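Here is the file upload.cif (mmCIF, N, CA, C and O atoms).
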data_target
loop_
_atom_site.label_atom_id
_atom_site.label_comp_id
_atom_site.auth_asym_id
_atom_site.auth_seq_id
_atom_site.Cartn_x
_atom_site.Cartn_y
_atom_site.Cartn_z
N MET A 138 -39.82 40.81 12.27
CA MET A 138 -38.52 41.29 11.82
C MET A 138 -37.87 42.20 12.86
O MET A 138 -36.69 42.11 13.13
N ARG A 139 -38.67 43.07 13.45
CA ARG A 139 -38.15 44.01 14.45
C ARG A 139 -37.62 43.26 15.66
O ARG A 139 -36.61 43.63 16.26
N THR A 140 -38.26 42.17 16.05
CA THR A 140 -37.83 41.38 17.20
C THR A 140 -36.47 40.74 16.92
O THR A 140 -35.62 40.69 17.80
N ARG A 141 -36.24 40.29 15.71
CA ARG A 141 -34.95 39.70 15.36
C ARG A 141 -33.82 40.72 15.43
O ARG A 141 -32.74 40.45 15.92
N VAL A 142 -34.10 41.91 14.93
CA VAL A 142 -33.09 42.97 14.95
C VAL A 142 -32.78 43.35 16.39
O VAL A 142 -31.61 43.52 16.77
N THR A 143 -33.80 43.48 17.22
CA THR A 143 -33.60 43.82 18.63
C THR A 143 -32.82 42.73 19.34
O THR A 143 -31.88 43.02 20.10
N THR A 144 -33.15 41.48 19.10
CA THR A 144 -32.44 40.37 19.71
C THR A 144 -30.98 40.36 19.27
O THR A 144 -30.08 40.18 20.08
N LEU A 145 -30.75 40.56 17.99
CA LEU A 145 -29.38 40.59 17.47
C LEU A 145 -28.59 41.74 18.09
O LEU A 145 -27.42 41.59 18.45
N LEU A 146 -29.23 42.89 18.24
CA LEU A 146 -28.57 44.03 18.86
C LEU A 146 -28.20 43.73 20.32
O LEU A 146 -27.09 44.02 20.76
N TYR A 147 -29.10 43.12 21.08
CA TYR A 147 -28.81 42.75 22.47
C TYR A 147 -27.68 41.74 22.56
O TYR A 147 -26.79 41.85 23.40
N LEU A 148 -27.70 40.73 21.70
CA LEU A 148 -26.66 39.72 21.73
C LEU A 148 -25.29 40.31 21.37
O LEU A 148 -24.28 39.99 21.99
N THR A 149 -25.27 41.18 20.38
CA THR A 149 -24.02 41.82 19.98
C THR A 149 -23.49 42.70 21.11
O THR A 149 -22.29 42.68 21.44
N SER A 150 -24.37 43.46 21.75
CA SER A 150 -23.96 44.31 22.87
C SER A 150 -23.42 43.48 24.03
O SER A 150 -22.40 43.82 24.63
N ALA A 151 -24.10 42.39 24.34
CA ALA A 151 -23.65 41.51 25.43
C ALA A 151 -22.28 40.92 25.12
O ALA A 151 -21.40 40.85 25.99
N ALA A 152 -22.06 40.51 23.88
CA ALA A 152 -20.77 39.93 23.48
C ALA A 152 -19.66 40.98 23.61
O ALA A 152 -18.56 40.67 24.09
N LEU A 153 -19.93 42.21 23.21
CA LEU A 153 -18.92 43.26 23.33
C LEU A 153 -18.60 43.58 24.79
O LEU A 153 -17.43 43.76 25.15
N VAL A 154 -19.61 43.62 25.63
CA VAL A 154 -19.38 43.87 27.06
C VAL A 154 -18.52 42.76 27.66
O VAL A 154 -17.56 43.02 28.39
N LEU A 155 -18.83 41.51 27.35
CA LEU A 155 -18.04 40.39 27.86
C LEU A 155 -16.61 40.45 27.36
O LEU A 155 -15.66 40.20 28.10
N PHE A 156 -16.43 40.80 26.10
CA PHE A 156 -15.09 40.90 25.53
C PHE A 156 -14.27 41.96 26.26
O PHE A 156 -13.13 41.73 26.66
N PHE A 157 -14.85 43.15 26.46
CA PHE A 157 -14.10 44.22 27.11
C PHE A 157 -13.86 43.93 28.59
O PHE A 157 -12.82 44.28 29.12
N CYS A 158 -14.79 43.29 29.25
CA CYS A 158 -14.58 42.93 30.66
C CYS A 158 -13.47 41.90 30.80
O CYS A 158 -12.67 41.96 31.72
N ALA A 159 -13.42 40.95 29.89
CA ALA A 159 -12.37 39.92 29.95
C ALA A 159 -11.00 40.54 29.72
O ALA A 159 -10.02 40.14 30.33
N SER A 160 -10.91 41.54 28.87
CA SER A 160 -9.61 42.15 28.59
C SER A 160 -9.16 43.07 29.71
O SER A 160 -8.00 43.40 29.81
N CYS A 161 -10.06 43.50 30.57
CA CYS A 161 -9.70 44.41 31.66
C CYS A 161 -8.80 43.74 32.70
O CYS A 161 -8.05 44.41 33.38
N GLY A 162 -8.89 42.45 32.88
CA GLY A 162 -8.14 41.79 33.93
C GLY A 162 -6.89 41.10 33.43
O GLY A 162 -6.41 40.19 34.07
N GLY A 163 -6.37 41.52 32.31
CA GLY A 163 -5.20 40.88 31.73
C GLY A 163 -3.94 41.10 32.55
O GLY A 163 -3.97 41.67 33.64
N PRO A 164 -2.82 40.64 32.04
CA PRO A 164 -1.57 40.71 32.79
C PRO A 164 -1.16 42.13 33.16
O PRO A 164 -0.53 42.33 34.19
N ALA A 165 -1.52 43.10 32.35
CA ALA A 165 -1.13 44.48 32.66
C ALA A 165 -1.71 44.94 33.98
O ALA A 165 -1.08 45.69 34.72
N LYS A 166 -2.90 44.49 34.32
CA LYS A 166 -3.50 44.85 35.62
C LYS A 166 -3.09 43.87 36.70
O LYS A 166 -2.91 44.26 37.85
N GLN A 167 -2.95 42.62 36.36
CA GLN A 167 -2.62 41.60 37.35
C GLN A 167 -1.23 41.78 37.95
O GLN A 167 -1.00 41.46 39.10
N ILE A 168 -0.30 42.29 37.18
CA ILE A 168 1.09 42.38 37.64
C ILE A 168 1.34 43.58 38.54
O ILE A 168 2.29 43.60 39.31
N VAL A 169 0.49 44.59 38.47
CA VAL A 169 0.71 45.82 39.24
C VAL A 169 0.72 45.52 40.74
O VAL A 169 -0.15 44.83 41.26
N GLY A 170 1.75 46.02 41.41
CA GLY A 170 1.90 45.84 42.85
C GLY A 170 3.27 45.30 43.19
O GLY A 170 4.17 45.24 42.36
N GLN A 171 3.43 44.91 44.45
CA GLN A 171 4.72 44.38 44.92
C GLN A 171 4.71 42.86 44.91
O GLN A 171 3.73 42.24 45.31
N TRP A 172 5.84 42.30 44.49
CA TRP A 172 6.04 40.85 44.45
C TRP A 172 7.36 40.53 45.14
O TRP A 172 8.35 41.24 44.96
N LYS A 173 7.38 39.47 45.89
CA LYS A 173 8.60 39.06 46.59
C LYS A 173 9.08 37.71 46.04
O LYS A 173 8.28 36.84 45.73
N MET A 174 10.40 37.59 45.98
CA MET A 174 11.03 36.35 45.53
C MET A 174 12.10 35.99 46.55
O MET A 174 12.86 36.86 47.00
N GLY A 175 12.17 34.74 46.93
CA GLY A 175 13.16 34.30 47.91
C GLY A 175 12.67 34.56 49.32
O GLY A 175 11.52 34.93 49.55
N SER A 176 13.57 34.39 50.28
CA SER A 176 13.21 34.64 51.68
C SER A 176 14.46 35.03 52.46
O SER A 176 15.59 34.79 52.04
N GLY A 177 14.23 35.62 53.62
CA GLY A 177 15.33 36.01 54.48
C GLY A 177 16.27 37.00 53.81
O GLY A 177 15.85 37.94 53.17
N ALA A 178 17.57 36.75 53.97
CA ALA A 178 18.59 37.64 53.40
C ALA A 178 18.57 37.62 51.87
O ALA A 178 19.06 38.55 51.23
N ASN A 179 18.00 36.56 51.27
CA ASN A 179 17.96 36.44 49.81
C ASN A 179 16.67 36.98 49.20
O ASN A 179 16.45 36.82 48.02
N GLU A 180 15.82 37.61 50.01
CA GLU A 180 14.54 38.11 49.51
C GLU A 180 14.74 39.34 48.63
O GLU A 180 15.51 40.24 48.97
N THR A 181 14.07 39.35 47.50
CA THR A 181 14.09 40.46 46.57
C THR A 181 12.66 40.94 46.37
O THR A 181 11.75 40.12 46.22
N THR A 182 12.46 42.24 46.36
CA THR A 182 11.14 42.81 46.13
C THR A 182 11.11 43.50 44.78
O THR A 182 11.98 44.30 44.47
N TRP A 183 10.12 43.16 43.97
CA TRP A 183 9.88 43.80 42.69
C TRP A 183 8.57 44.55 42.81
O TRP A 183 7.59 44.01 43.33
N GLU A 184 8.52 45.78 42.32
CA GLU A 184 7.27 46.51 42.29
C GLU A 184 6.99 46.95 40.86
O GLU A 184 7.83 47.57 40.21
N PHE A 185 5.81 46.62 40.39
CA PHE A 185 5.36 46.94 39.04
C PHE A 185 4.29 48.02 39.12
O PHE A 185 3.35 47.91 39.90
N PHE A 186 4.43 49.05 38.30
CA PHE A 186 3.52 50.18 38.30
C PHE A 186 2.66 50.16 37.03
O PHE A 186 3.07 49.60 36.00
N PRO A 187 1.47 50.79 37.07
CA PRO A 187 0.58 50.78 35.90
C PRO A 187 1.19 51.42 34.66
O PRO A 187 0.81 51.08 33.54
N ASN A 188 2.14 52.34 34.81
CA ASN A 188 2.74 53.02 33.66
C ASN A 188 3.90 52.23 33.04
O ASN A 188 4.69 52.77 32.29
N LYS A 189 4.02 50.95 33.38
CA LYS A 189 5.05 50.02 32.88
C LYS A 189 6.42 50.25 33.49
O LYS A 189 7.42 49.71 33.03
N ALA A 190 6.51 51.07 34.54
CA ALA A 190 7.77 51.25 35.27
C ALA A 190 7.86 50.16 36.34
O ALA A 190 6.85 49.58 36.74
N LEU A 191 9.08 49.89 36.79
CA LEU A 191 9.28 48.91 37.86
C LEU A 191 10.48 49.32 38.69
O LEU A 191 11.33 50.10 38.25
N THR A 192 10.52 48.80 39.90
CA THR A 192 11.70 48.92 40.74
C THR A 192 11.99 47.54 41.33
O THR A 192 11.08 46.75 41.56
N THR A 193 13.25 47.26 41.51
CA THR A 193 13.65 46.03 42.18
C THR A 193 14.80 46.37 43.10
O THR A 193 15.89 46.74 42.65
N ASP A 194 14.54 46.34 44.38
CA ASP A 194 15.52 46.70 45.41
C ASP A 194 16.24 48.00 45.08
O ASP A 194 17.47 48.10 45.14
N GLY A 195 15.47 49.01 44.69
CA GLY A 195 16.02 50.34 44.44
C GLY A 195 16.39 50.62 42.99
O GLY A 195 16.48 51.77 42.59
N ALA A 196 16.62 49.60 42.19
CA ALA A 196 16.96 49.80 40.78
C ALA A 196 15.67 50.05 39.99
O ALA A 196 14.64 49.42 40.24
N ARG A 197 15.74 50.97 39.06
CA ARG A 197 14.57 51.29 38.24
C ARG A 197 14.67 50.63 36.87
O ARG A 197 15.74 50.36 36.38
N GLY A 198 13.51 50.41 36.28
CA GLY A 198 13.45 49.85 34.95
C GLY A 198 12.06 49.96 34.40
O GLY A 198 11.23 50.70 34.93
N HIS A 199 11.79 49.22 33.34
CA HIS A 199 10.43 49.16 32.82
C HIS A 199 10.18 47.79 32.19
O HIS A 199 11.11 47.02 31.95
N TYR A 200 8.91 47.51 31.98
CA TYR A 200 8.52 46.20 31.45
C TYR A 200 7.50 46.36 30.34
O TYR A 200 6.78 47.37 30.28
N THR A 201 7.47 45.39 29.45
CA THR A 201 6.47 45.32 28.39
C THR A 201 6.04 43.87 28.24
O THR A 201 6.78 42.95 28.62
N PHE A 202 4.86 43.69 27.69
CA PHE A 202 4.36 42.35 27.44
C PHE A 202 4.44 42.04 25.95
O PHE A 202 4.17 42.90 25.11
N GLY A 203 4.83 40.81 25.64
CA GLY A 203 4.87 40.37 24.26
C GLY A 203 3.85 39.28 24.02
O GLY A 203 3.01 39.00 24.88
N ASP A 204 3.94 38.65 22.89
CA ASP A 204 3.02 37.57 22.59
C ASP A 204 3.42 36.30 23.35
O ASP A 204 4.50 36.23 23.93
N ASN A 205 2.55 35.33 23.36
CA ASN A 205 2.80 34.04 24.01
C ASN A 205 3.19 34.17 25.48
O ASN A 205 4.10 33.50 25.95
N ASN A 206 2.53 35.08 26.20
CA ASN A 206 2.77 35.26 27.64
C ASN A 206 4.23 35.57 27.96
O ASN A 206 4.80 35.02 28.89
N ARG A 207 4.81 36.47 27.22
CA ARG A 207 6.18 36.88 27.49
C ARG A 207 6.21 38.26 28.14
O ARG A 207 5.38 39.11 27.84
N ILE A 208 7.17 38.44 29.03
CA ILE A 208 7.42 39.74 29.65
C ILE A 208 8.88 40.10 29.39
O ILE A 208 9.77 39.26 29.50
N LYS A 209 9.09 41.35 29.01
CA LYS A 209 10.45 41.85 28.78
C LYS A 209 10.75 42.87 29.87
O LYS A 209 10.00 43.82 30.07
N ILE A 210 11.82 42.64 30.59
CA ILE A 210 12.26 43.50 31.68
C ILE A 210 13.52 44.22 31.22
O ILE A 210 14.47 43.58 30.75
N GLN A 211 13.55 45.54 31.37
CA GLN A 211 14.72 46.32 31.01
C GLN A 211 15.12 47.19 32.20
O GLN A 211 14.30 47.95 32.72
N THR A 212 16.36 47.05 32.63
CA THR A 212 16.93 47.90 33.67
C THR A 212 18.19 48.54 33.10
O THR A 212 18.57 48.25 31.96
N ALA A 213 18.84 49.37 33.89
CA ALA A 213 20.07 50.03 33.42
C ALA A 213 21.18 49.02 33.15
O ALA A 213 22.08 49.27 32.35
N THR A 214 21.13 47.87 33.81
CA THR A 214 22.23 46.91 33.69
C THR A 214 21.89 45.65 32.90
O THR A 214 22.78 44.89 32.57
N ALA A 215 20.60 45.42 32.60
CA ALA A 215 20.25 44.17 31.91
C ALA A 215 18.90 44.27 31.21
O ALA A 215 18.04 45.08 31.59
N THR A 216 18.73 43.43 30.21
CA THR A 216 17.45 43.24 29.53
C THR A 216 17.23 41.75 29.42
O THR A 216 18.14 41.01 29.02
N PHE A 217 16.06 41.29 29.79
CA PHE A 217 15.77 39.86 29.67
C PHE A 217 14.30 39.63 29.38
O PHE A 217 13.47 40.49 29.64
N VAL A 218 14.02 38.46 28.82
CA VAL A 218 12.65 38.08 28.45
C VAL A 218 12.34 36.73 29.07
O VAL A 218 13.17 35.81 29.01
N TYR A 219 11.18 36.61 29.68
CA TYR A 219 10.73 35.36 30.29
C TYR A 219 9.30 35.06 29.85
O TYR A 219 8.53 35.97 29.55
N GLN A 220 8.97 33.79 29.85
CA GLN A 220 7.56 33.39 29.80
C GLN A 220 7.03 33.65 31.20
O GLN A 220 7.75 33.43 32.18
N PHE A 221 5.82 34.14 31.34
CA PHE A 221 5.31 34.39 32.67
C PHE A 221 3.89 33.86 32.81
O PHE A 221 3.17 33.69 31.84
N GLU A 222 3.56 33.58 34.06
CA GLU A 222 2.22 33.11 34.38
C GLU A 222 1.84 33.68 35.73
O GLU A 222 2.64 33.65 36.68
N ILE A 223 0.64 34.23 35.82
CA ILE A 223 0.13 34.73 37.09
C ILE A 223 -1.12 33.95 37.42
O ILE A 223 -2.04 33.86 36.60
N GLN A 224 -1.12 33.35 38.61
CA GLN A 224 -2.29 32.63 39.12
C GLN A 224 -2.53 33.12 40.54
O GLN A 224 -1.77 32.77 41.45
N GLY A 225 -3.54 33.96 40.70
CA GLY A 225 -3.83 34.50 42.02
C GLY A 225 -2.67 35.33 42.53
O GLY A 225 -2.26 36.31 41.90
N ASP A 226 -2.12 34.95 43.67
CA ASP A 226 -1.01 35.68 44.28
C ASP A 226 0.35 35.06 43.97
O ASP A 226 1.34 35.34 44.65
N SER A 227 0.42 34.23 42.94
CA SER A 227 1.69 33.60 42.54
C SER A 227 2.02 33.99 41.10
O SER A 227 1.15 34.01 40.23
N MET A 228 3.29 34.29 40.88
CA MET A 228 3.76 34.59 39.53
C MET A 228 5.01 33.76 39.29
O MET A 228 5.87 33.65 40.16
N THR A 229 5.11 33.18 38.10
CA THR A 229 6.27 32.37 37.73
C THR A 229 6.84 32.91 36.43
O THR A 229 6.10 33.15 35.47
N TRP A 230 8.16 33.08 36.41
CA TRP A 230 8.89 33.43 35.20
C TRP A 230 9.71 32.21 34.81
O TRP A 230 10.42 31.64 35.63
N THR A 231 9.63 31.84 33.55
CA THR A 231 10.39 30.70 33.04
C THR A 231 11.35 31.17 31.96
O THR A 231 10.93 31.78 30.97
N ALA A 232 12.64 30.88 32.14
CA ALA A 232 13.67 31.24 31.16
C ALA A 232 13.67 30.23 30.02
O ALA A 232 13.11 29.14 30.13
N THR A 233 14.36 30.56 28.95
CA THR A 233 14.42 29.66 27.80
C THR A 233 15.10 28.34 28.14
O THR A 233 14.82 27.32 27.52
N ASN A 234 15.98 28.33 29.15
CA ASN A 234 16.64 27.08 29.55
C ASN A 234 15.79 26.24 30.51
O ASN A 234 16.22 25.21 30.99
N GLY A 235 14.58 26.75 30.84
CA GLY A 235 13.67 26.00 31.71
C GLY A 235 13.74 26.37 33.18
O GLY A 235 12.91 25.93 33.97
N SER A 236 14.74 27.17 33.58
CA SER A 236 14.81 27.57 35.00
C SER A 236 13.64 28.50 35.32
O SER A 236 13.17 29.24 34.46
N LYS A 237 13.19 28.44 36.57
CA LYS A 237 12.01 29.21 36.97
C LYS A 237 12.31 30.10 38.15
O LYS A 237 13.10 29.76 39.02
N MET A 238 11.66 31.24 38.17
CA MET A 238 11.69 32.15 39.30
C MET A 238 10.25 32.30 39.76
O MET A 238 9.36 32.57 38.96
N ARG A 239 10.03 32.11 41.07
CA ARG A 239 8.67 32.17 41.61
C ARG A 239 8.55 33.38 42.53
O ARG A 239 9.41 33.62 43.37
N PHE A 240 7.45 34.09 42.37
CA PHE A 240 7.17 35.30 43.14
C PHE A 240 5.85 35.12 43.89
O PHE A 240 4.95 34.41 43.42
N THR A 241 5.73 35.81 45.01
CA THR A 241 4.49 35.85 45.77
C THR A 241 4.10 37.31 45.95
O THR A 241 4.95 38.14 46.28
N ARG A 242 2.83 37.60 45.72
CA ARG A 242 2.37 38.97 45.88
C ARG A 242 2.53 39.41 47.33
O ARG A 242 2.16 38.69 48.26
N ALA A 243 3.11 40.58 47.53
CA ALA A 243 3.29 41.12 48.89
C ALA A 243 1.96 41.73 49.34
O ALA A 243 1.25 42.34 48.56
N ARG A 244 1.65 41.56 50.57
CA ARG A 244 0.40 42.10 51.13
C ARG A 244 0.66 43.36 51.88
O ARG A 244 1.61 43.60 52.48
#

As C-alpha coordinates, the full file:
Amino acid sequence: MRTRVTTLLYLTSAALVLFFCASCGGPAKQIVGQWKMGSGANETTWEFFPNKALTTDGARGHYTFGDNNRIKIQTATATFVYQFEIQGDSMTWTATNGSKMRFTRAR
(Lines of atoms letter the chains of each structure in order from A and count residues from 1; the text may use other names and numbers.)
(Lines give C-alpha, C1' and ligand atoms only; values in the text may rest on other atoms or scores of the structure.)
Protein backbone atom coordinates (compact mmCIF):
# COMPACT_ATOMS: atom_id res chain seq x y z
CA MET A 1 0.00 0.00 0.00
CA ARG A 2 2.80 2.41 0.88
CA THR A 3 4.45 1.82 -2.52
CA ARG A 4 1.23 2.76 -4.33
CA VAL A 5 0.88 5.98 -2.37
CA THR A 6 4.52 6.88 -3.04
CA THR A 7 4.16 6.11 -6.74
CA LEU A 8 0.96 8.17 -6.95
CA LEU A 9 2.67 11.05 -5.17
CA TYR A 10 5.63 10.97 -7.61
CA LEU A 11 3.35 10.81 -10.64
CA THR A 12 1.23 13.69 -9.38
CA SER A 13 4.33 15.80 -8.66
CA ALA A 14 5.77 15.06 -12.10
CA ALA A 15 2.48 16.02 -13.79
CA LEU A 16 2.37 19.32 -11.89
CA VAL A 17 5.98 20.15 -12.80
CA LEU A 18 5.29 19.45 -16.48
CA PHE A 19 2.13 21.55 -16.38
CA PHE A 20 3.90 24.56 -14.85
CA CYS A 21 6.91 24.26 -17.17
CA ALA A 22 4.64 24.16 -20.22
CA SER A 23 2.82 27.30 -19.08
CA CYS A 24 6.09 29.20 -18.56
CA GLY A 25 6.80 29.48 -22.28
CA GLY A 26 3.43 30.81 -23.35
CA PRO A 27 2.80 33.85 -25.52
CA ALA A 28 3.40 36.29 -22.67
CA LYS A 29 7.07 35.28 -22.60
CA GLN A 30 7.45 34.55 -26.30
CA ILE A 31 6.34 38.00 -27.42
CA VAL A 32 8.72 40.00 -25.21
CA GLY A 33 11.40 41.77 -27.25
CA GLN A 34 11.68 43.67 -30.52
CA TRP A 35 9.88 42.64 -33.69
CA LYS A 36 10.25 44.16 -37.14
CA MET A 37 7.66 44.33 -39.90
CA GLY A 38 8.37 45.42 -43.47
CA SER A 39 11.73 46.50 -44.82
CA GLY A 40 13.63 49.60 -45.85
CA ALA A 41 11.71 52.86 -45.52
CA ASN A 42 8.54 50.87 -44.68
CA GLU A 43 10.10 49.02 -41.73
CA THR A 44 8.28 49.32 -38.42
CA THR A 45 9.69 48.17 -35.08
CA TRP A 46 7.43 46.94 -32.29
CA GLU A 47 8.82 46.30 -28.82
CA PHE A 48 6.88 44.29 -26.27
CA PHE A 49 7.76 44.46 -22.58
CA PRO A 50 7.03 41.92 -19.80
CA ASN A 51 4.70 44.39 -18.02
CA LYS A 52 2.34 44.37 -21.07
CA ALA A 53 3.60 47.77 -22.31
CA LEU A 54 4.67 48.25 -25.91
CA THR A 55 6.19 50.83 -28.19
CA THR A 56 5.94 51.09 -31.95
CA ASP A 57 8.15 53.68 -33.61
CA GLY A 58 7.96 55.91 -30.53
CA ALA A 59 4.23 55.52 -29.81
CA ARG A 60 3.36 53.88 -26.51
CA GLY A 61 0.60 51.43 -25.76
CA HIS A 62 -0.17 48.15 -24.08
CA TYR A 63 -1.27 44.66 -25.01
CA THR A 64 -3.31 41.85 -23.52
CA PHE A 65 -3.97 38.28 -24.55
CA GLY A 66 -7.45 36.86 -24.99
CA ASP A 67 -8.81 33.43 -25.69
CA ASN A 68 -8.32 31.61 -28.99
CA ASN A 69 -4.83 33.09 -29.55
CA ARG A 70 -6.00 36.68 -29.70
CA ILE A 71 -3.94 39.76 -28.89
CA LYS A 72 -5.47 43.16 -28.17
CA ILE A 73 -3.29 46.18 -28.88
CA GLN A 74 -4.23 49.57 -27.44
CA THR A 75 -2.44 52.82 -28.28
CA ALA A 76 -3.46 56.45 -27.86
CA THR A 77 -4.87 56.49 -31.40
CA ALA A 78 -6.26 52.97 -31.95
CA THR A 79 -7.40 49.68 -30.45
CA PHE A 80 -7.38 46.48 -32.46
CA VAL A 81 -7.58 42.72 -31.98
CA TYR A 82 -5.80 40.08 -34.08
CA GLN A 83 -5.39 36.34 -34.05
CA PHE A 84 -1.69 35.77 -33.49
CA GLU A 85 0.79 32.97 -33.88
CA ILE A 86 4.43 32.83 -32.83
CA GLN A 87 6.72 30.19 -34.30
CA GLY A 88 10.35 30.67 -33.37
CA ASP A 89 11.43 34.09 -34.64
CA SER A 90 8.28 34.67 -36.72
CA MET A 91 5.02 36.20 -35.56
CA THR A 92 1.86 36.55 -37.66
CA TRP A 93 -1.20 38.64 -36.89
CA THR A 94 -4.37 37.82 -38.80
CA ALA A 95 -7.26 40.31 -38.99
CA THR A 96 -10.90 39.26 -39.15
CA ASN A 97 -10.91 39.98 -42.92
CA GLY A 98 -8.03 37.50 -43.39
CA SER A 99 -5.25 40.03 -44.04
CA LYS A 100 -1.96 39.17 -42.35
CA MET A 101 0.92 41.10 -40.87
CA ARG A 102 4.21 39.22 -40.52
CA PHE A 103 6.92 40.12 -38.03
CA THR A 104 10.49 38.90 -37.53
CA ARG A 105 12.21 38.98 -34.18
CA ALA A 106 14.98 41.60 -34.16
CA ARG A 107 18.39 40.36 -33.07

With the file shown as input, list the residues that the PyMOL selection byres ((chain A and resi 174) around 8) selects, as a short mmCIF file (atom, residue, chain, number, x, y, z; two decimals) with N, CA, C and O atoms, keeping the file's coordinate frame.
data_model
loop_
_atom_site.label_atom_id
_atom_site.label_comp_id
_atom_site.auth_asym_id
_atom_site.auth_seq_id
_atom_site.Cartn_x
_atom_site.Cartn_y
_atom_site.Cartn_z
N GLN A 171 3.43 44.91 44.45
CA GLN A 171 4.72 44.38 44.92
C GLN A 171 4.71 42.86 44.91
O GLN A 171 3.73 42.24 45.31
N TRP A 172 5.84 42.30 44.49
CA TRP A 172 6.04 40.85 44.45
C TRP A 172 7.36 40.53 45.14
O TRP A 172 8.35 41.24 44.96
N LYS A 173 7.38 39.47 45.89
CA LYS A 173 8.60 39.06 46.59
C LYS A 173 9.08 37.71 46.04
O LYS A 173 8.28 36.84 45.73
N GLY A 175 12.17 34.74 46.93
CA GLY A 175 13.16 34.30 47.91
C GLY A 175 12.67 34.56 49.32
O GLY A 175 11.52 34.93 49.55
N SER A 176 13.57 34.39 50.28
CA SER A 176 13.21 34.64 51.68
C SER A 176 14.46 35.03 52.46
O SER A 176 15.59 34.79 52.04
N GLY A 177 14.23 35.62 53.62
CA GLY A 177 15.33 36.01 54.48
C GLY A 177 16.27 37.00 53.81
O GLY A 177 15.85 37.94 53.17
N ALA A 178 17.57 36.75 53.97
CA ALA A 178 18.59 37.64 53.40
C ALA A 178 18.57 37.62 51.87
O ALA A 178 19.06 38.55 51.23
N ASN A 179 18.00 36.56 51.27
CA ASN A 179 17.96 36.44 49.81
C ASN A 179 16.67 36.98 49.20
O ASN A 179 16.45 36.82 48.02
N GLU A 180 15.82 37.61 50.01
CA GLU A 180 14.54 38.11 49.51
C GLU A 180 14.74 39.34 48.63
O GLU A 180 15.51 40.24 48.97
N THR A 181 14.07 39.35 47.50
CA THR A 181 14.09 40.46 46.57
C THR A 181 12.66 40.94 46.37
O THR A 181 11.75 40.12 46.22
N THR A 182 12.46 42.24 46.36
CA THR A 182 11.14 42.81 46.13
C THR A 182 11.11 43.50 44.78
O THR A 182 11.98 44.30 44.47
N TRP A 183 10.12 43.16 43.97
CA TRP A 183 9.88 43.80 42.69
C TRP A 183 8.57 44.55 42.81
O TRP A 183 7.59 44.01 43.33
N MET A 228 3.29 34.29 40.88
CA MET A 228 3.76 34.59 39.53
C MET A 228 5.01 33.76 39.29
O MET A 228 5.87 33.65 40.16
N MET A 238 11.66 31.24 38.17
CA MET A 238 11.69 32.15 39.30
C MET A 238 10.25 32.30 39.76
O MET A 238 9.36 32.57 38.96
N ARG A 239 10.03 32.11 41.07
CA ARG A 239 8.67 32.17 41.61
C ARG A 239 8.55 33.38 42.53
O ARG A 239 9.41 33.62 43.37
N PHE A 240 7.45 34.09 42.37
CA PHE A 240 7.17 35.30 43.14
C PHE A 240 5.85 35.12 43.89
O PHE A 240 4.95 34.41 43.42
N THR A 241 5.73 35.81 45.01
CA THR A 241 4.49 35.85 45.77
C THR A 241 4.10 37.31 45.95
O THR A 241 4.95 38.14 46.28
N ARG A 242 2.83 37.60 45.72
CA ARG A 242 2.37 38.97 45.88
C ARG A 242 2.53 39.41 47.33
O ARG A 242 2.16 38.69 48.26
#

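With only C-alpha atoms as the atoms that count, the minimum distance from Phe221 of chain A to the choices A:Leu191, A:Ala243, A:Ile208, A:Ile168 is reached by A:Ile208.
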
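Distance check against Lys237 of chain A using only C-alpha atoms: of A:Tyr219, A:Thr193, A:Gly170, A:Asn188, the minimum falls on A:Tyr219.
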
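Interatomic distance, atom CA of Thr231 of chain A against atom O of Asn206 of chain A: 8.2 Å.
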
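Atom C of Trp230 of chain A to atom N of Thr212 of chain A spans 16.4 Å [interatomic distance, one decimal].
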
Considering only C-alpha atoms, can you say which of A:Thr192, A:Asn234, A:Thr229, A:Thr201 comes closest to Ala165 of chain A? A:Thr201

Which value, in Å to one decimal, gives the distance between atom O of Ala213 of chain A and atom N of Ser227 of chain A? 28.4 Å

Would you translate the PyMOL selection byres ((chain A and resi 199) around 5) into the concrete set of residues it matches in this file, as a list of chain:residue names? A:Lys189, A:Ala190, A:Leu191, A:Arg197, A:Gly198, A:Tyr200, A:Thr201, A:Lys209, A:Ile210, A:Gln211

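Comparing A:Thr140, A:Ala232, A:Ala196, A:Phe186 by their smallest distance to Phe217 of chain A, the closest is A:Ala232 (using only C-alpha atoms).
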